[in-house]
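**Student:** Encoded as structure tokens, here's the structure I'll be asking about.
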Amino acid sequence: MPELPEMENYRILLNQKIIGQTITDIQINREKSININADLFKKTVLNQKVVNIHRRGKHLLFQLQNGPILLLHLMLGGWMFFGTEDDKPKRTIQIRLSFDKSQLYFIGLRLGYLHLYSPAEAEQKLSHLGPEPLAAEFTLQEFLKRISSRHGRLKTTLLDQKFIAGIGNCYSTEICFHAGILPTKDIDDISETERVRFYHSMQVILLEAIKYGGYLENPFFKGDTLTGSFYELCQVYDREGEKCRRCGSTIVMELISSRKTFYCPNCQKKTRSSIS
Ligand SMILES: [Zn+2]
């Protein structure tokens with residue numbers, strides 16, 4: 001599932017492609033992907049300029065000229081492609097927004113959606129989300145305060161969008177590796193030093209992942225060589241049975257709350273020794 005870096009990568013690329021551009025046509029092939037009557041949706045969205053695109057957690061908000069917001073969540077398996085009809089991936093398209101000859105395709109929207117809301121409704125829909133981990137106001141002190149009220153397994157808490165917004169299975173895994181902390185560990189057993197280290201690893205990994213376009217495999221446009229580059233840089237995610245690049249141990253996969261969790265049993269210990 002796309003997480004904060006993937007959505008931030010999309011936001012950056014979409015800003016380059018469609019800001020200030022007018023939506024000239026709309027095709028809805030799957031009405032379940034929208035939240036209102038298709039005709040009303042088209043009537044409201046058609047001929048509107050996209051004036052801004054923001055990200056909140058794993059959501060993107062397309063701000064339209066006349067006020068409403070298109071709220072996107074790709075969920076599991078969703079992705080986007082921008083290009084002409086000739087470049088279009090050979091996949092089922094759920095929604096297509098046209099910007100003259102360029103098209104924005106929404107693909108793999110099974111649980112994912114593109115909903116139309118007023119700004120107030122959109123704000124209300126996102127009101128449950130925890131802080132943005134890269135926001136300036138999300139300080140170390142704020143993180144320490146938030147985690148001190150949590151118990152149970154670290155991994156489970158990290159996936160809770162009310163705790164911190166935007167982190168999912170891949171980045172919870174990679175941040176824990178970077179910090180040298182076992183994701184299976186109970187929060188009560190994580191020392192102050194480890195908590196501080198976790199906070200810094202979170203910044204490092206998320207920024208690095210954005211820089212390398214996240215881990216999703218599909219390019220955003222023809223010739224896009226950035227999107228997905230972080231996948232090769234993942235140290236433990238999706239690397240079960242492979243060698244740890246840091247110590248040579250075999251990467252382990254364990255299911256936590258039915259989510260695949262990868263770690264290096266040597267670099268991430270119950271009680272941390274030293275990591276070179
Ligand atoms: Zn290792």
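Just so we're on the same page: first chain in the structure tokens is A, next is B, and so on; residues restart at 1 for each chain, and ligands are numbered from 1 in the order they show up.
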Distance limit 7 Å, reference ligand 1, atoms considered: only C-alpha atoms and all ligand atoms. Which residues make the cut? Give them as a ChimeraX atom specification.
**Tutor:** /A:244-249,264-267
**Student:** Using only C-alpha atoms, please write the residues we just selected to a file, as a PDB file, in the first residue's frame.
**Tutor:**
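Everything below was put into out-v1.pdb:
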ATOM      1  CA  CYS A 244      21.276  -8.475   5.853  1.00  0.00           C
ATOM      2  CA  ARG A 245      23.466  -5.947   4.031  1.00  0.00           C
ATOM      3  CA  ARG A 246      24.841  -4.736   7.335  1.00  0.00           C
ATOM      4  CA  CYS A 247      25.766  -7.978   9.132  1.00  0.00           C
ATOM      5  CA  GLY A 248      25.113 -10.885   6.759  1.00  0.00           C
ATOM      6  CA  SER A 249      22.461 -12.548   8.954  1.00  0.00           C
ATOM      7  CA  CYS A 264      17.313  -8.711  11.020  1.00  0.00           C
ATOM      8  CA  PRO A 265      17.561 -10.821  14.194  1.00  0.00           C
ATOM      9  CA  ASN A 266      21.152  -9.659  14.684  1.00  0.00           C
ATOM     10  CA  CYS A 267      20.887  -5.914  14.004  1.00  0.00           C
TER      11      CYS A 267
END
**Student:** Between A:Leu255, A:Leu71, A:Gly180, A:Thr225, which is the closest to Gln124 (chain A) once you count only C-alpha atoms?
**Tutor:**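 Using only C-alpha atoms, the shortest distance to Gln124 (chain A) belongs to A:Leu71.
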**Student:** Run DSSP on the backbone and tell me which residues of region 73-220 of chain A come out as strand (DSSP E); list them as a list in words.
**Tutor:**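 Of region 73-220 of chain A, the ones in strand (DSSP E) are His73, Trp79, Met80, Phe81, Phe82, Gly83, Ile93, Gln94, Ile95, Arg96, Leu97, Ser98, Phe99, Ser102, Gln103, Leu104, Tyr105, Phe106, Ile107, Tyr113, Leu114, His115, Leu116 and Tyr117 of chain A.
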**Student:** Env of Val45 (chain A): 10 Å cut, atoms = only C-alpha atoms, seq-sep filter 6 positions within chain, self excluded. Answer as a ChimeraX atom specification.
**Tutor:** /A:22-26,39,64-66,68-70,97,116
**Student:** As a count of residues only, please: every residue in region 44-247 of chain A that a backbone DSSP assignment puts in alpha helix (DSSP H).
**Tutor:** 55
**Student:** Leaving out Ala135 (chain A) and any residue of its chain fewer than 2 positions from it, which residues lie within 12 Å of it when counting only C-alpha atoms, given as a list of chain:residue names?
**Tutor:**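 Residues near the query, excluding close chain neighbours: A:Arg55, A:Arg56, A:Gly57, A:Gly130, A:Pro131, A:Glu132, A:Pro133, A:Glu137, A:Phe138, A:Thr139, A:Leu140, A:Glu142, A:Phe143, A:Ile164, A:Ala165, A:Gly166, A:Met202, A:Gln203, A:Leu206, A:Leu207.
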**Student:** Using C-alpha atoms, can you export the residues from the last selection as a PDB file, in the first residue's frame?
**Tutor:**
ATOM      1  CA  ARG A  55      -1.028  15.467   1.163  1.00  0.00           C
ATOM      2  CA  ARG A  56      -2.274  14.382   4.567  1.00  0.00           C
ATOM      3  CA  GLY A  57      -1.045  10.991   5.796  1.00  0.00           C
ATOM      4  CA  GLY A 130      -2.326  11.751  14.012  1.00  0.00           C
ATOM      5  CA  PRO A 131       0.464  14.254  13.337  1.00  0.00           C
ATOM      6  CA  GLU A 132       2.547  14.414  10.171  1.00  0.00           C
ATOM      7  CA  PRO A 133       5.898  12.856  11.081  1.00  0.00           C
ATOM      8  CA  GLU A 137       5.867  21.058  14.882  1.00  0.00           C
ATOM      9  CA  PHE A 138       6.186  17.293  15.341  1.00  0.00           C
ATOM     10  CA  THR A 139       9.198  17.604  17.592  1.00  0.00           C
ATOM     11  CA  LEU A 140      11.079  14.919  19.478  1.00  0.00           C
ATOM     12  CA  GLU A 142       5.939  15.681  20.973  1.00  0.00           C
ATOM     13  CA  PHE A 143       6.862  12.179  19.786  1.00  0.00           C
ATOM     14  CA  ILE A 164       1.274   9.083  13.448  1.00  0.00           C
ATOM     15  CA  ALA A 165      -0.161   9.607   9.958  1.00  0.00           C
ATOM     16  CA  GLY A 166       1.325   8.061   6.841  1.00  0.00           C
ATOM     17  CA  MET A 202      11.808   8.062  11.171  1.00  0.00           C
ATOM     18  CA  GLN A 203      12.951  11.399   9.731  1.00  0.00           C
ATOM     19  CA  LEU A 206      10.976   8.995   5.267  1.00  0.00           C
ATOM     20  CA  LEU A 207      13.067  11.780   3.722  1.00  0.00           C
TER      21      LEU A 207
END
**Student:** Given only C-alpha atoms as the basis, pick out the residue of A:Ile205, A:Leu104, A:Gln21, A:Glu31 nearest to Phe82 (chain A).
**Tutor:**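 That would be A:Leu104, the residue with the smallest distance to Phe82 (chain A).
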**Student:** Please identify all polymer residues within 12 Å of Lys222 (chain A), counting only C-alpha atoms, omitting same-chain residues fewer than 5 positions from it, and present them as a ChimeraX atom specification.
**Tutor:** /A:81-89,102,227
**Student:** Which of these residues is nearest to Glu6 (chain A), using only C-alpha atoms: A:Leu144, A:Leu158, A:Ile167, A:Ile18?
**Tutor:** A:Ile167
**Student:** Tell me which protein, DNA and RNA residues are within 12 Å of region 33-35 of chain A, counting only C-alpha atoms, leaving out same-chain ones fewer than 4 positions away, and put them as an MDAnalysis selection string.
**Tutor:** chainID A and resid 27:29 39:42 70:75 78 93:96 106:117
**Student:** Find the spatial neighbours of Ile256 (chain A), counting only C-alpha atoms, within a cut-off of 8 Å - ignore same-chain residues fewer than 4 positions away - and output them as a VMD selection string.
**Tutor:** chain A and resid 155 to 156 184 260 to 261
**Student:** Quick one: write out the picked residues with N, CA, C and O atoms as an mmCIF file, in the first residue's frame?
**Tutor:**
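What follows is the written file again_28.cif:
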data_model
loop_
_atom_site.group_PDB
_atom_site.id
_atom_site.type_symbol
_atom_site.label_atom_id
_atom_site.label_comp_id
_atom_site.auth_asym_id
_atom_site.auth_seq_id
_atom_site.Cartn_x
_atom_site.Cartn_y
_atom_site.Cartn_z
ATOM 1 N N LYS A 155 5.089 -2.301 16.423
ATOM 2 C CA LYS A 155 4.605 -2.390 15.042
ATOM 3 C C LYS A 155 3.119 -2.028 14.937
ATOM 4 O O LYS A 155 2.708 -1.257 14.067
ATOM 5 N N THR A 156 2.323 -2.586 15.815
ATOM 6 C CA THR A 156 0.880 -2.352 15.789
ATOM 7 C C THR A 156 0.571 -0.869 15.979
ATOM 8 O O THR A 156 -0.280 -0.303 15.286
ATOM 9 N N THR A 184 8.688 -6.203 16.886
ATOM 10 C CA THR A 184 7.830 -7.062 17.715
ATOM 11 C C THR A 184 7.860 -6.639 19.187
ATOM 12 O O THR A 184 7.103 -7.149 19.999
ATOM 13 N N LYS A 260 2.879 -8.757 7.466
ATOM 14 C CA LYS A 260 4.237 -9.277 7.314
ATOM 15 C C LYS A 260 5.237 -8.270 7.880
ATOM 16 O O LYS A 260 5.261 -7.107 7.458
ATOM 17 N N THR A 261 6.044 -8.731 8.797
ATOM 18 C CA THR A 261 7.027 -7.855 9.410
ATOM 19 C C THR A 261 8.407 -8.464 9.235
ATOM 20 O O THR A 261 8.619 -9.627 9.573
#
**Student:** For Leu126 (chain A), which residue among A:Asn218, A:Ser149, A:Gln235, A:Gln161 is the nearest when counting only C-alpha atoms?
**Tutor:** A:Gln161
